[in-house]
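As stored in start-v9.txt (compact mmCIF, C-alpha atoms):
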```
# COMPACT_ATOMS: atom_id res chain seq x y z
CA LEU A 1 22.62 0.06 -53.25
CA ASP A 2 26.37 -0.54 -53.26
CA SER A 3 28.77 2.31 -53.90
CA VAL A 4 29.08 2.01 -57.70
CA PRO A 5 25.36 2.19 -58.65
CA SER A 6 24.79 4.77 -55.95
CA LYS A 7 27.53 6.96 -57.35
CA ALA A 8 26.18 6.59 -60.88
CA ILE A 9 22.64 7.51 -59.85
CA ASN A 10 23.85 10.58 -58.02
CA GLU A 11 25.95 11.60 -61.02
CA TYR A 12 23.13 11.21 -63.56
CA ARG A 13 20.20 11.92 -61.25
CA GLU A 14 18.78 14.76 -63.28
CA LYS A 15 18.75 12.61 -66.44
CA VAL A 16 17.30 9.38 -65.07
CA VAL A 17 15.04 10.49 -62.20
CA ASP A 18 11.81 12.23 -63.12
CA ILE A 19 10.17 12.42 -59.68
CA GLU A 20 11.65 12.02 -56.17
CA LEU A 21 9.21 11.04 -53.44
CA THR A 22 10.00 11.31 -49.76
CA TYR A 23 7.81 9.47 -47.24
CA ASN A 24 8.54 10.87 -43.82
CA PRO A 25 5.44 10.64 -41.62
CA SER A 26 5.44 12.10 -38.15
CA ILE A 27 5.15 10.02 -35.00
CA GLU A 28 1.55 11.16 -34.70
CA ASN A 29 0.78 10.10 -38.28
CA ASN A 30 2.15 6.61 -37.74
CA LEU A 31 0.32 6.20 -34.45
CA SER A 32 -2.93 7.17 -36.17
CA ILE A 33 -2.43 4.32 -38.63
CA ILE A 34 -2.12 1.76 -35.81
CA TRP A 35 -4.82 3.38 -33.68
CA PRO A 36 -7.23 4.85 -36.27
CA LEU A 37 -9.84 5.61 -33.60
CA GLY A 38 -7.34 7.56 -31.51
CA CYS A 39 -4.05 6.65 -29.87
CA PRO A 40 -4.01 6.69 -26.05
CA ASP A 41 -2.16 9.72 -24.70
CA TYR A 42 0.25 7.63 -22.61
CA VAL A 43 1.29 5.60 -25.68
CA GLN A 44 1.94 8.72 -27.73
CA LYS A 45 3.94 10.25 -24.89
CA VAL A 46 6.29 7.22 -24.72
CA PHE A 47 7.10 7.43 -28.46
CA GLU A 48 7.47 11.20 -28.39
CA ASP A 49 9.67 11.19 -25.27
CA LEU A 50 11.99 8.73 -27.01
CA ASN A 51 11.61 10.38 -30.44
CA LEU A 52 10.94 6.88 -31.72
CA ASN A 53 9.07 6.75 -35.02
CA ASN A 54 9.01 3.04 -35.83
CA ILE A 55 5.61 1.85 -36.99
CA ARG A 56 6.53 -1.83 -36.57
CA ILE A 57 7.18 -1.28 -32.86
CA MET A 58 3.94 0.65 -32.60
CA GLN A 59 2.15 -2.35 -34.08
CA ARG A 60 3.83 -4.67 -31.58
CA VAL A 61 2.66 -2.44 -28.73
CA LEU A 62 -0.93 -2.82 -29.93
CA TRP A 63 -0.54 -6.60 -30.24
CA THR A 64 0.78 -6.81 -26.68
CA GLN A 65 -2.07 -4.71 -25.32
CA THR A 66 -4.62 -6.71 -27.27
CA TYR A 67 -3.29 -10.03 -25.96
CA PHE A 68 -3.84 -9.00 -22.33
CA ALA A 69 -6.95 -6.86 -22.81
CA ASP A 70 -9.84 -9.32 -22.41
CA HIS A 71 -8.45 -11.28 -19.46
CA ILE A 72 -7.40 -8.18 -17.54
CA LYS A 73 -10.66 -6.31 -18.14
CA GLU A 74 -12.72 -9.30 -17.00
CA HIS A 75 -10.74 -10.25 -13.91
CA TYR A 76 -8.69 -7.17 -12.94
CA PRO A 77 -10.49 -4.15 -14.40
CA HIS A 78 -8.65 -1.59 -12.27
CA LEU A 79 -5.34 -2.78 -13.71
CA SER A 80 -6.26 -2.20 -17.36
CA ARG A 81 -4.76 1.26 -17.86
CA ALA A 82 -1.65 0.54 -15.77
CA LEU A 83 -0.96 -2.72 -17.56
CA ASN A 84 -1.45 -1.10 -20.96
CA TYR A 85 1.10 1.57 -20.07
CA LYS A 86 3.61 -0.97 -18.76
CA ALA A 87 3.02 -3.11 -21.85
CA THR A 88 3.81 -0.08 -24.00
CA VAL A 89 7.05 0.70 -22.19
CA LEU A 90 8.31 -2.87 -22.03
CA THR A 91 7.39 -3.63 -25.65
CA VAL A 92 9.29 -0.56 -26.79
CA LEU A 93 12.32 -1.49 -24.69
CA TYR A 94 12.24 -5.13 -25.76
CA HIS A 95 11.79 -4.60 -29.50
CA GLY A 96 13.34 -1.18 -29.93
CA TYR A 97 16.49 -1.34 -27.82
CA SER A 98 17.51 -5.01 -27.75
CA ASN A 99 20.91 -4.03 -29.19
CA SER A 100 21.62 -1.99 -26.07
CA PHE A 101 20.46 -4.34 -23.30
CA SER A 102 18.72 -7.64 -22.70
CA LEU A 103 15.20 -8.04 -21.34
CA GLU A 104 16.62 -9.48 -18.12
CA GLU A 105 18.80 -6.40 -17.68
CA VAL A 106 15.74 -4.20 -18.12
CA LEU A 107 13.80 -6.19 -15.54
CA SER A 108 16.54 -5.70 -12.96
CA THR A 109 17.51 -2.07 -13.53
CA HIS A 110 15.92 0.91 -11.76
CA TYR A 111 16.48 4.23 -13.52
CA TYR A 112 17.33 5.89 -10.19
CA THR A 113 20.39 3.65 -9.77
CA LEU A 114 21.65 5.03 -13.07
CA LEU A 115 21.72 8.49 -11.56
CA MET A 116 23.94 7.24 -8.75
CA THR A 117 26.43 5.20 -10.78
CA GLY A 118 29.78 6.52 -11.92
CA ASP A 119 29.84 4.15 -14.89
CA GLU A 120 29.40 6.58 -17.79
CA ASP A 121 29.17 3.79 -20.38
CA LYS A 122 26.30 2.19 -18.46
CA LYS A 123 24.57 5.55 -18.12
CA LYS A 124 24.74 6.07 -21.86
CA ARG A 125 23.62 2.52 -22.66
CA PHE A 126 20.60 2.79 -20.38
CA GLU A 127 19.78 6.43 -21.13
CA VAL A 128 16.35 5.40 -22.42
CA LEU A 129 15.41 4.03 -18.96
CA LYS A 130 16.21 7.39 -17.43
CA THR A 131 14.09 9.15 -20.06
CA LEU A 132 11.12 6.92 -19.22
CA GLU A 133 11.86 6.98 -15.46
CA TYR A 134 11.59 3.23 -15.69
CA PHE A 135 11.66 0.90 -12.71
CA PRO A 136 10.95 -2.85 -12.67
CA GLU A 137 7.96 -4.27 -10.84
CA GLU A 138 6.01 -7.49 -10.41
CA LEU A 139 3.65 -6.90 -13.35
CA HIS A 140 6.58 -6.97 -15.74
CA ARG A 141 7.16 -10.68 -15.16
CA ALA A 142 3.84 -11.53 -16.81
CA LEU A 143 4.87 -9.38 -19.77
CA GLU A 144 8.22 -11.16 -19.87
CA ASP A 145 6.38 -14.48 -20.27
CA TYR A 146 4.50 -13.08 -23.24
CA PHE A 147 7.67 -11.81 -24.94
CA THR A 148 9.68 -14.99 -24.41
CA ASN A 149 6.94 -17.65 -24.76
CA GLY A 150 4.27 -15.98 -26.85
CA PHE A 151 1.61 -16.67 -24.19
CA VAL A 152 1.01 -16.22 -20.46
CA ASP A 153 -0.05 -18.79 -17.88
CA TYR A 154 -1.90 -16.55 -15.45
CA ALA A 155 -2.04 -19.07 -12.60
CA PRO A 156 1.32 -18.12 -11.00
CA TYR A 157 0.35 -14.45 -11.13
CA GLU A 158 -3.21 -14.62 -9.75
CA GLU A 159 -2.29 -13.55 -6.20
CA MET A 160 -0.11 -10.70 -7.41
CA LEU A 161 -2.67 -9.50 -9.96
CA THR A 162 -5.47 -9.59 -7.37
CA ARG A 163 -3.37 -7.60 -4.92
CA LYS A 164 -2.34 -5.08 -7.56
CA ASN A 165 -5.92 -4.71 -8.78
CA GLU A 166 -7.03 -3.80 -5.25
CA GLN A 167 -4.16 -1.33 -4.89
CA TYR A 168 -5.11 0.42 -8.11
CA ARG A 169 -8.79 0.39 -7.13
CA LEU A 170 -7.96 2.19 -3.88
CA ASN A 171 -5.65 4.56 -5.75
CA ASN A 172 -8.57 5.43 -8.02
CA VAL A 173 -10.75 6.14 -4.97
CA ALA A 174 -8.04 8.38 -3.53
CA GLU A 175 -7.79 10.20 -6.84
CA LEU A 176 -11.54 10.86 -6.81
CA HIS A 177 -11.28 12.24 -3.29
CA ARG A 178 -8.35 14.47 -4.24
CA ALA A 179 -10.48 15.85 -7.08
CA ILE A 180 -13.07 17.00 -4.53
CA TRP A 181 -10.38 18.54 -2.33
CA ALA A 182 -9.01 20.33 -5.40
CA LYS A 183 -12.22 22.37 -5.51
CA TYR A 184 -11.03 23.93 -2.24
CA HIS A 185 -7.30 24.06 -2.92
CA THR A 186 -7.21 25.29 -6.50
CA GLY A 187 -9.96 27.84 -6.96
CA PHE A 188 -12.75 30.04 -5.67
CA VAL A 189 -15.59 28.73 -7.81
CA THR A 190 -17.20 25.92 -5.81
CA PRO A 191 -19.61 27.23 -3.12
CA GLN A 192 -19.22 25.98 0.44
CA ASP A 193 -22.51 24.09 0.53
CA VAL A 194 -21.65 22.23 -2.68
CA PHE A 195 -18.17 21.37 -1.43
CA ILE A 196 -19.52 20.07 1.90
CA LYS A 197 -22.24 18.04 0.22
CA GLU A 198 -19.79 16.43 -2.19
CA GLN A 199 -17.45 15.51 0.67
CA ILE A 200 -20.22 13.99 2.80
CA ASP A 201 -21.72 12.10 -0.13
CA PHE A 202 -18.29 10.75 -1.05
CA MET A 203 -17.54 9.60 2.50
CA ASN A 204 -20.87 7.79 2.74
CA ARG A 205 -20.54 6.24 -0.69
CA ARG A 206 -16.89 5.23 -0.32
CA PHE A 207 -16.81 4.63 3.43
CA ASP A 208 -15.36 1.11 3.15
CA ASP A 209 -12.50 2.36 0.96
CA LEU A 210 -11.41 5.35 3.04
CA GLY A 211 -8.92 5.20 5.90
CA ILE A 212 -9.43 6.65 9.35
CA ARG A 213 -7.22 9.63 8.60
CA ASP A 214 -9.10 10.50 5.39
CA ILE A 215 -12.44 10.47 7.17
CA ALA A 216 -11.25 12.17 10.36
CA GLU A 217 -9.47 14.99 8.52
CA THR A 218 -12.40 15.54 6.16
CA ILE A 219 -14.94 15.65 8.99
CA SER A 220 -12.71 17.96 11.03
CA PHE A 221 -12.49 20.42 8.14
CA ILE A 222 -16.23 20.28 7.46
CA LYS A 223 -16.98 20.97 11.15
CA GLN A 224 -14.61 23.90 10.95
CA LEU A 225 -16.62 25.29 8.02
CA ASP A 226 -20.03 24.44 9.46
CA PRO A 227 -20.17 23.33 13.14
CA GLU A 228 -23.85 22.40 12.71
CA GLN A 229 -23.07 19.43 10.46
CA LYS A 230 -24.03 16.15 12.17
CA LEU A 231 -21.11 13.86 11.42
CA ASP A 232 -20.32 12.26 14.78
CA GLU A 233 -21.99 8.98 13.85
CA LEU A 234 -19.91 8.71 10.69
CA LEU A 235 -16.71 9.40 12.62
CA ASP A 236 -17.66 6.87 15.31
CA ARG A 237 -18.22 4.21 12.65
CA ALA A 238 -14.80 4.94 11.16
CA ILE A 239 -13.10 4.72 14.56
CA ASP A 240 -14.93 1.50 15.47
CA ARG A 241 -13.87 -0.07 12.17
CA PHE A 242 -10.29 1.05 12.66
CA VAL A 243 -10.11 -0.35 16.20
CA GLU A 244 -11.78 -3.59 15.13
CA LYS A 245 -9.09 -4.19 12.51
CA LEU A 246 -6.17 -3.46 14.83
CA ASP A 247 -4.15 -6.55 15.54
CA ASN A 248 -3.39 -7.33 19.19
CA VAL A 249 -5.06 -4.10 20.33
CA ASP A 250 -1.97 -2.20 19.31
CA TYR A 251 -3.03 1.15 20.70
CA LEU A 252 0.52 2.50 20.78
CA ASP A 253 0.31 3.03 17.04
CA SER A 254 -2.48 5.56 17.50
CA HIS A 255 0.21 8.12 18.35
CA SER A 256 1.70 7.75 14.88
CA LEU A 257 -1.56 8.57 13.12
CA HIS A 258 -0.80 12.31 13.12
CA MET A 259 -4.40 13.21 13.87
CA LYS A 260 -5.88 15.73 16.25
CA PRO A 261 -5.69 14.85 19.97
CA ASP A 262 -9.47 14.53 20.33
CA ILE A 263 -9.58 11.89 17.58
CA VAL A 264 -6.64 10.00 19.09
CA ALA A 265 -8.36 10.14 22.47
CA LYS A 266 -11.48 8.55 21.00
CA ILE A 267 -9.40 5.82 19.41
CA GLN A 268 -7.63 5.11 22.69
CA GLU A 269 -10.95 5.01 24.54
CA ARG A 270 -12.32 2.44 22.08
CA LEU A 271 -9.11 0.46 22.39
CA SER A 272 -9.47 0.50 26.14
CA ARG A 273 -12.89 -1.08 25.78
CA LYS A 274 -11.53 -3.66 23.37
CA THR A 275 -8.70 -4.52 25.73
CA LYS A 276 -11.26 -5.35 28.41
CA ASP A 277 -12.36 -8.21 26.19
CA TYR A 278 -8.77 -9.34 25.65
CA PRO A 279 -8.44 -12.33 28.05
CA ILE A 280 -6.06 -11.91 30.97
CA ALA A 281 -5.29 -15.61 30.67
CA LYS A 282 -4.08 -15.14 27.11
CA LEU A 283 -1.85 -12.25 28.15
CA PHE A 284 -0.32 -14.15 31.07
CA ASN A 285 0.33 -17.10 28.78
CA ALA A 286 1.96 -14.83 26.21
CA LEU A 287 4.11 -12.94 28.72
CA ALA A 288 4.98 -15.60 31.31
CA GLY A 289 4.12 -18.92 29.68
CA SER A 290 6.80 -18.88 26.97
CA ASN A 291 10.37 -17.72 26.45
CA GLY A 292 9.43 -15.05 23.92
CA TRP A 293 7.05 -12.18 24.54
CA ASN A 294 5.78 -9.01 22.91
CA PRO A 295 6.46 -5.79 24.90
CA ARG A 296 3.17 -4.38 23.62
CA ASP A 297 1.28 -7.02 25.58
CA ILE A 298 2.47 -5.21 28.72
CA GLN A 299 0.51 -2.20 27.54
CA HIS A 300 -2.62 -4.34 27.35
CA MET A 301 -2.03 -5.58 30.90
CA LYS A 302 -1.96 -2.00 32.15
CA ARG A 303 -5.60 -1.65 31.18
CA PHE A 304 -6.74 -4.07 33.86
CA THR A 305 -7.44 -3.06 37.46
CA GLU A 306 -6.45 -4.84 40.68
CA GLU A 307 -10.03 -6.08 40.84
CA ASP A 308 -9.69 -7.63 37.39
CA TYR A 309 -6.56 -9.48 38.51
CA TYR A 310 -8.21 -10.56 41.77
CA ASN A 311 -11.18 -12.03 39.91
CA TRP A 312 -9.01 -13.86 37.40
CA ILE A 313 -6.59 -15.32 39.96
CA THR A 314 -9.42 -16.61 42.14
CA THR A 315 -11.53 -18.09 39.35
CA GLU A 316 -9.07 -19.47 36.74
CA THR A 317 -9.20 -23.26 36.66
CA GLU A 318 -7.56 -24.18 33.35
CA LEU A 319 -4.08 -22.75 33.95
CA ASP A 320 -1.34 -23.02 36.56
CA VAL A 321 -2.04 -19.59 38.01
CA PRO A 322 0.69 -19.56 40.72
CA SER A 323 3.37 -20.46 38.16
CA LEU A 324 2.23 -17.85 35.62
CA VAL A 325 1.81 -15.06 38.17
CA GLY A 326 5.10 -15.92 39.85
CA GLU A 327 6.98 -15.99 36.54
CA PHE A 328 5.42 -12.68 35.51
CA LEU A 329 6.43 -10.97 38.77
CA SER A 330 9.95 -12.35 38.50
CA ARG A 331 10.45 -11.67 34.78
CA PHE A 332 9.17 -8.09 34.84
CA ALA A 333 10.34 -7.01 38.30
CA THR A 334 12.64 -4.33 36.85
CA ASN A 335 10.55 -3.48 33.79
CA GLU A 336 9.47 0.14 34.04
CA ASP A 337 6.40 -0.36 31.84
CA ALA A 338 5.19 -3.21 34.06
CA ARG A 339 5.48 -1.30 37.33
CA GLN A 340 1.77 -0.45 37.59
CA VAL A 341 0.75 -3.94 36.48
CA ILE A 342 2.91 -5.53 39.17
CA ALA A 343 1.50 -3.13 41.78
CA ASN A 344 -2.06 -4.13 40.82
CA ILE A 345 -1.21 -7.85 40.93
CA ARG A 346 0.42 -7.52 44.36
CA THR A 347 -2.61 -5.62 45.68
CA ALA A 348 -4.82 -8.41 44.37
CA LEU A 349 -2.60 -10.99 46.11
CA ASP A 350 -2.79 -9.04 49.37
CA LYS A 351 -6.58 -9.25 49.20
CA ILE A 352 -6.42 -12.96 48.51
CA LYS A 353 -4.09 -13.89 51.37
CA VAL A 354 -6.41 -12.44 54.03
CA ARG A 355 -9.25 -14.69 52.96
CA SER A 356 -7.84 -17.68 54.83
CA ALA A 357 -4.71 -19.25 56.26
CA LEU A 358 -4.51 -21.50 53.21
CA ASP A 359 -4.60 -18.53 50.83
CA ARG A 360 -1.94 -16.77 52.92
CA CYS A 361 0.35 -19.78 52.52
CA ARG A 362 -0.34 -19.92 48.79
CA VAL A 363 0.53 -16.27 48.30
CA GLU A 364 3.63 -16.43 50.45
CA TYR A 365 4.84 -19.50 48.56
CA LEU A 366 4.21 -17.74 45.25
CA ILE A 367 6.13 -14.63 46.36
CA GLU A 368 9.00 -16.73 47.69
CA ARG A 369 9.37 -18.43 44.32
CA THR A 370 9.86 -15.05 42.62
CA LYS A 371 12.96 -14.41 44.70
CA LYS A 372 14.79 -17.51 43.44
```
Take the structure in this file and express it as structure tokens.
Amino acid sequence: LDSVPSKAINEYREKVVDIELTYNPSIENNLSIIWPLGCPDYVQKVFEDLNLNNIRIMQRVLWTQTYFADHIKEHYPHLSRALNYKATVLTVLYHGYSNSFSLEEVLSTHYYTLLMTGDEDKKKRFEVLKTLEYFPEELHRALEDYFTNGFVDYAPYEEMLTRKNEQYRLNNVAELHRAIWAKYHTGFVTPQDVFIKEQIDFMNRRFDDLGIRDIAETISFIKQLDPEQKLDELLDRAIDRFVEKLDNVDYLDSHSLHMKPDIVAKIQERLSRKTKDYPIAKLFNALAGSNGWNPRDIQHMKRFTEEDYYNWITTETELDVPSLVGEFLSRFATNEDARQVIANIRTALDKIKVRSALDRCRVEYLIERTKK
């Protein structure tokens, strides 16, 4: 109403108004209208945290969730809850706060940066992002397509959705494992035998989804509780799988695992065996056959004995052995890590040159070339 009728009504209210009705439902009441079978807790929390009681925005949240529901559940089931939450947040920001910022601004603003900025106007304008502890991520781009186009072409997002689905699947596994550990950390109710059984059953059931540290730490604690438990085979399988997946036999990284020395020692022993199968020819090519080289390959070379080098030098027929060996000795002459490798190679060459006068000349020529 404009000012004149409004003033008149207020002046003669008692004479013209018989009943005044006020409709002021709570946030919970409005949510129950949109979700009559029960509103998800995370949806209710978003509206309550923002003190936002707009039933039209609540309806838009449900529409957004419904649009994605079938496709996500069928192809990326572990993403369902996460995507529903992100759909809730982004729908609220897009439809409820468009007067404060654009969708593109939302998709490029991390709430933590707002804590660091000295721009008070920006802090105030984006206060809602701080309340929600919002940060942009890849999933939001699919939601952006829905808001701006009314539909989503999933093809460009398949790789990202598959990767995210696996991440959330593993997060769910970790959460289940933490729930078992909580029976030790947070109370005195669960008996030891029940706790041990649940841990062992979980490791066997979820073996492919658990990392080496999870399994090693769990087994170590169980053995501490009950030394009679037979878990060596399970630990060996975990170590073998870990070593098998290591790229380039990168055993140096075993020191960063933060596990007990006996576990690290087992890993290094398995890596030593794996290195034996790593061809010397490939290492020489990598270290002396090109301009670039990986320092970690030197560590692999240290695993071979003088006998290994002797056998390779005297049997290799596909490569220019004198050139590769000579270049290696020259390139790494002052490399501290290569000192033992060079000593083993020189010992192998000493054995070779006493085989015949021809071999002596070969070795001497090779050594002479390293001095140039």
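Taking CA of Glu217 (chain A) and CA of Lys164 (chain A) as endpoints, the distance between them is 26.7 Å.
The nearest approach to Asp41 (chain A) among the residues A:Thr117, A:Asn84, A:Gln229, A:Leu129, with all atoms listed in the file taken into account, belongs to A:Asn84.
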List as JSON lines every residue of region 44-161 of chain A that is in contact with region 27-36 of chain A, defined as an atom at most 12 Å from one of its atoms (using only C-alpha atoms), together with the nearest atom pair and the distance in Å rounded to one decimal, sorted by chain and then rising number.
```
{"residue": "A:Gln44", "atom": "CA", "partner": "A:Leu31", "partner_atom": "CA", "distance": 7.4}
{"residue": "A:Lys45", "atom": "CA", "partner": "A:Glu28", "partner_atom": "CA", "distance": 10.1}
{"residue": "A:Val46", "atom": "CA", "partner": "A:Ile27", "partner_atom": "CA", "distance": 10.7}
{"residue": "A:Phe47", "atom": "CA", "partner": "A:Ile27", "partner_atom": "CA", "distance": 7.3}
{"residue": "A:Glu48", "atom": "CA", "partner": "A:Ile27", "partner_atom": "CA", "distance": 7.1}
{"residue": "A:Asp49", "atom": "CA", "partner": "A:Ile27", "partner_atom": "CA", "distance": 10.8}
{"residue": "A:Leu50", "atom": "CA", "partner": "A:Ile27", "partner_atom": "CA", "distance": 10.6}
{"residue": "A:Asn51", "atom": "CA", "partner": "A:Ile27", "partner_atom": "CA", "distance": 7.9}
{"residue": "A:Leu52", "atom": "CA", "partner": "A:Ile27", "partner_atom": "CA", "distance": 7.4}
{"residue": "A:Asn53", "atom": "CA", "partner": "A:Ile27", "partner_atom": "CA", "distance": 5.1}
{"residue": "A:Asn54", "atom": "CA", "partner": "A:Asn30", "partner_atom": "CA", "distance": 8.0}
{"residue": "A:Ile55", "atom": "CA", "partner": "A:Asn30", "partner_atom": "CA", "distance": 5.9}
{"residue": "A:Arg56", "atom": "CA", "partner": "A:Ile34", "partner_atom": "CA", "distance": 9.4}
{"residue": "A:Ile57", "atom": "CA", "partner": "A:Ile34", "partner_atom": "CA", "distance": 10.2}
{"residue": "A:Met58", "atom": "CA", "partner": "A:Leu31", "partner_atom": "CA", "distance": 6.9}
{"residue": "A:Gln59", "atom": "CA", "partner": "A:Ile34", "partner_atom": "CA", "distance": 6.2}
{"residue": "A:Arg60", "atom": "CA", "partner": "A:Ile34", "partner_atom": "CA", "distance": 9.7}
{"residue": "A:Val61", "atom": "CA", "partner": "A:Ile34", "partner_atom": "CA", "distance": 9.5}
{"residue": "A:Leu62", "atom": "CA", "partner": "A:Ile34", "partner_atom": "CA", "distance": 7.5}
{"residue": "A:Trp63", "atom": "CA", "partner": "A:Ile34", "partner_atom": "CA", "distance": 10.2}
{"residue": "A:Gln65", "atom": "CA", "partner": "A:Trp35", "partner_atom": "CA", "distance": 12.0}
{"residue": "A:Thr66", "atom": "CA", "partner": "A:Trp35", "partner_atom": "CA", "distance": 12.0}
```
Using all atoms listed in the file, which residues sit within 10 Å of Phe328 (chain A) once same-chain residues fewer than 3 positions away are excluded, as an MDAnalysis selection string? chainID A and resid 284:285 287:289 322:325 331:333 338 341:342 345 370
Please list, as an MDAnalysis selection string, the residues that have an atom at most 12 Å away from (14.1, 5.2, -12.6) in the coordinates of this file, counting only C-alpha atoms. chainID A and resid 106:116 123 126:137
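For the atom pair formed by CA of Arg369 (chain A) and CA of Leu319 (chain A), the distance is 17.5 Å, given to one decimal.
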Kindly give the distance, in Å, that separates CA of Asp226 (chain A) and CA of Ala265 (chain A), rounded to a single decimal. 22.6 Å
Residues within 12 Å of Leu225 (chain A), please, as number ranges by chain. Count all atoms listed in the file; anything in the same chain fewer than 3 positions from it doesn't count. A: 184, 191-193, 195-196, 218-222, 228-229
Here is a test: counting only C-alpha atoms, which residue of A:His75, A:Phe151, A:Ile200, A:Ala216 is nearest to Pro261 (chain A)?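 Of the candidates, the smallest distance to Pro261 (chain A) is held by A:Ala216.
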Test item: residues at most 7 Å from Tyr85 (chain A), all atoms listed in the file, excluding those fewer than 4 positions along its chain, as an MDAnalysis selection string: chainID A and resid 42:43 81 89
Saved selection, atoms kept: C-alpha atoms, as a short mmCIF file (atom, residue, chain, number, x, y, z; two decimals), in the coordinates of the input:
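Wrote out.cif, looks like this:
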```
data_model
loop_
_atom_site.label_atom_id
_atom_site.label_comp_id
_atom_site.auth_asym_id
_atom_site.auth_seq_id
_atom_site.Cartn_x
_atom_site.Cartn_y
_atom_site.Cartn_z
CA TYR A 42 0.25 7.63 -22.61
CA VAL A 43 1.29 5.60 -25.68
CA ARG A 81 -4.76 1.26 -17.86
CA VAL A 89 7.05 0.70 -22.19
#
```
Among the residues A:Asp297, A:Leu210, A:Lys260, A:Leu283, the one that comes closest to Glu175 (chain A) [using only C-alpha atoms]: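 Checking each candidate against Glu175 (chain A), we get A:Leu210 as the closest.
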Rank A:Glu158, A:Gly150, A:Ile180, A:Glu327 by their smallest atom-to-atom distance to Lys371 (chain A), using all atoms listed in the file, and report the top residue only.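 Looking at the shortest contact to Lys371 (chain A), the residue is A:Glu327.
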Among the residues A:Glu104, A:Tyr76, A:Asn335, A:Pro25, the one that comes closest to Gln167 (chain A) [using all atoms listed in the file]: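 Answer, going by the shortest atom-to-atom distance: A:Tyr76.
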Pick out the residues sitting within 8 Å of Ile239 (chain A), and hand them over as a list of chain:residue names; count all atoms listed in the file, and ignore anything fewer than 3 positions along from it in its own chain. A:Ile212, A:Leu235, A:Asp236, A:Phe242, A:Val243, A:Lys266, A:Ile267, A:Arg270
Would you compute the box with edges along x, y and z of the file around region 355-359 of chain A, including every atom the file lists for it and 8 Å extra on each side, and give its centre and edge lengths in Å to one decimal, as AutoDock Vina command-line options?
```
--center_x -6.9 --center_y -18.1 --center_z 53.5 --size_x 20.7 --size_y 22.8 --size_z 21.4
```
